[in-house]
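*Asks:* I am attaching a structure below and will ask some questions about it afterwards.
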Amino acid sequence: MDKLIITSADPMGAAIYDYYKSGKADRLIVRSSMFEDDEIPVKDLFRTFDQMPQLERLALMQAKGRILDVGAGSGCHSLALMGMGKETVAIDISPLSVKVMQERGIDAHLVDFYDESFDARFDTVLMLMNGTGIIGTLDNMGPFFDRIKRLLNEGGSLIIDSSDLSYLYEEEDGSIMIDLADDYYGQIDYQMLYKDIAGEPFDWLYVDYETLAFHAEENGMKCELLSEGEHYDYLARITVRQ
Ligand code: SAH
């Protein structure tokens, strides 16, 4: 019978699980009211250090001490860190992803980043593949930074990547048309689909560096641009101000 299951389903986890078990997966579709359907190649979620973009490799090299990989997915970054001899813990809200990570030998836990009962501390919190996505909307910067401060040891830092989506609004003459009455332009609604599994829609924030740095400062933290990529993407380090 052909039916669409709509529960708090785990489409990305199912794709990761299939790929881990069989070396292949169906199409993992990303839907948004703002764009055409897009697809995440599931194989890319299993990228090795050598297959990672330069910004991600830099992030892994900069990570030190006890590291928390937030929204770790298949665990690709955690595994690379472990390969470098670095102490790493991974969390994700996708049950099947956590199961795969545990089978891959990662110290992985089914934990929501915003769950205050998870009160361990780390020297580095790592959030990669548009790590700012978990912030959801600009309104949520305060609660986000509160959690980061609770998770970091003194002197610790958050290493996070994102992209400035303003290029999507560029006119032919190079000017950028943004309606200031609208929500912030990097605030995207997404839904993931895999086979007959449809996930709950969620907000996923892409944020330009200046806006991220402004909110970090507002929340008592110091923001530093570590590197810029080739497609409006960047890597930042955010540290608690001493
Ligand atoms: N970092 C991985 C996966 C990125 S996809 C990589 O680079 O390949 C984003 C991941 O964040 C998904 O696995 C999703 O389940 C997880 N996620 C989303 N919201 C979360 C939250 N509130 N707490 C923990 N993980 C979350």
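Residues are referred to by chain and number: the chain letter is A, B, ... according to the order shown in the structure tokens, the number counts from 1 in that chain, and ligands are numbered separately from 1 in the order shown.
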Compute the set of protein, DNA and RNA residues whose minimum atom distance to ligand 1 is at most 8 Å, using only C-alpha atoms and all ligand atoms, and state it as a ChimeraX atom specification.
*Replies:* /A:12-13,44-47,69-77,91-94,97,110-114,127-131,133-134
*Asks:* Enumerate the residues of chain A with a DSSP assignment of helix (DSSP H, G or I), computed from the backbone, and present them as a ChimeraX atom specification.
*Replies:* /A:11-22,42-46,49-51,54-62,76-83,95-103,131-135,138-151,165-169,209-218
*Asks:* As an exercise, work out the distance from atom CA of Gly136 of chain A to atom CA of Val207 of chain A in Å and give it to one decimal place.
*Replies:*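 Atom CA of Val207 of chain A lies at a distance of 10.1 Å from atom CA of Gly136 of chain A.
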*Asks:* Ranking A:Gly199, A:Leu81, A:Leu193, A:Thr211 by minimum distance to Arg57 of chain A and counting only C-alpha atoms, which one comes first?
*Replies:*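 Looking at the shortest contact to Arg57 of chain A, the residue is A:Leu81.
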*Asks:* Which residues of segment 49-89 of chain A sit at most 10 Å from segment 161-166 of chain A, using only C-alpha atoms? Give each one's shortest atom pair and distance in Å (one decimal place), in chain and ascending residue order, as a Markdown table.
*Replies:*
| residue | atom | partner | partner_atom | distance |
| --- | --- | --- | --- | --- |
| A:Leu55 | CA | A:Asp161 | CA | 8.0 |
| A:Glu56 | CA | A:Asp161 | CA | 8.2 |
| A:Ala59 | CA | A:Asp161 | CA | 8.7 |
*Asks:* Okay, now the selection with N, CA and C atoms, as an mmCIF file, in the first residue's frame?
*Replies:*
data_model
loop_
_atom_site.group_PDB
_atom_site.id
_atom_site.type_symbol
_atom_site.label_atom_id
_atom_site.label_comp_id
_atom_site.auth_asym_id
_atom_site.auth_seq_id
_atom_site.Cartn_x
_atom_site.Cartn_y
_atom_site.Cartn_z
ATOM 1 N N LEU A 55 36.857 24.483 4.583
ATOM 2 C CA LEU A 55 36.387 25.105 5.836
ATOM 3 C C LEU A 55 36.142 24.068 6.922
ATOM 4 N N GLU A 56 35.607 22.913 6.537
ATOM 5 C CA GLU A 56 35.345 21.859 7.522
ATOM 6 C C GLU A 56 36.656 21.257 8.037
ATOM 7 N N ALA A 59 37.990 23.575 10.511
ATOM 8 C CA ALA A 59 37.231 23.476 11.765
ATOM 9 C C ALA A 59 37.728 22.302 12.604
#
*Asks:* Using only C-alpha atoms, find each residue in segment 1-74 of chain A having at least one atom no more than 10 Å away from segment 146-159 of chain A; report its shortest atom-to-atom pair and that distance in Å (one decimal), rows by chain then rising number, as a Markdown table.
*Replies:*
| residue | atom | partner | partner_atom | distance |
| --- | --- | --- | --- | --- |
| A:Glu56 | CA | A:Ile159 | CA | 9.9 |
| A:Leu58 | CA | A:Ile159 | CA | 9.9 |
| A:Ala59 | CA | A:Ile159 | CA | 6.5 |
| A:Leu60 | CA | A:Ile159 | CA | 9.0 |
| A:Gln62 | CA | A:Ile159 | CA | 8.2 |
| A:Ala63 | CA | A:Ile159 | CA | 7.6 |
| A:Lys64 | CA | A:Gly156 | CA | 8.9 |
| A:Gly65 | CA | A:Gly156 | CA | 8.7 |
| A:Arg66 | CA | A:Asn153 | CA | 9.4 |
| A:Ile67 | CA | A:Leu152 | CA | 9.7 |
| A:Leu68 | CA | A:Leu151 | CA | 8.8 |
| A:Asp69 | CA | A:Ile159 | CA | 9.9 |
*Asks:* Could you check how far atom CA of Val42 of chain A sits from atom CA of Leu28 of chain A, in Å to one decimal?
*Replies:*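 So the two atoms, atom CA of Val42 of chain A and atom CA of Leu28 of chain A, lie 6.8 Å apart.
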*Asks:* Can you measure atom CA of Ile106 of chain A to atom CA of Thr88 of chain A for me? One decimal in Å is fine.
*Replies:*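 About the pair atom CA of Ile106 of chain A and atom CA of Thr88 of chain A: they are 7.9 Å apart.
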*Asks:* Of the candidates A:Tyr209, A:Ile176, A:Tyr190, A:Tyr232, which one gets nearest to Met34 of chain A if we count only C-alpha atoms?
*Replies:* A:Tyr190
*Asks:* So, with only C-alpha atoms as the atoms that count, which of A:Ser117, A:Thr137, A:Thr239, A:Asn219 lies closest to Gln187 of chain A?
*Replies:*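 Residue with the minimum atom-to-atom distance to Gln187 of chain A: A:Thr137.
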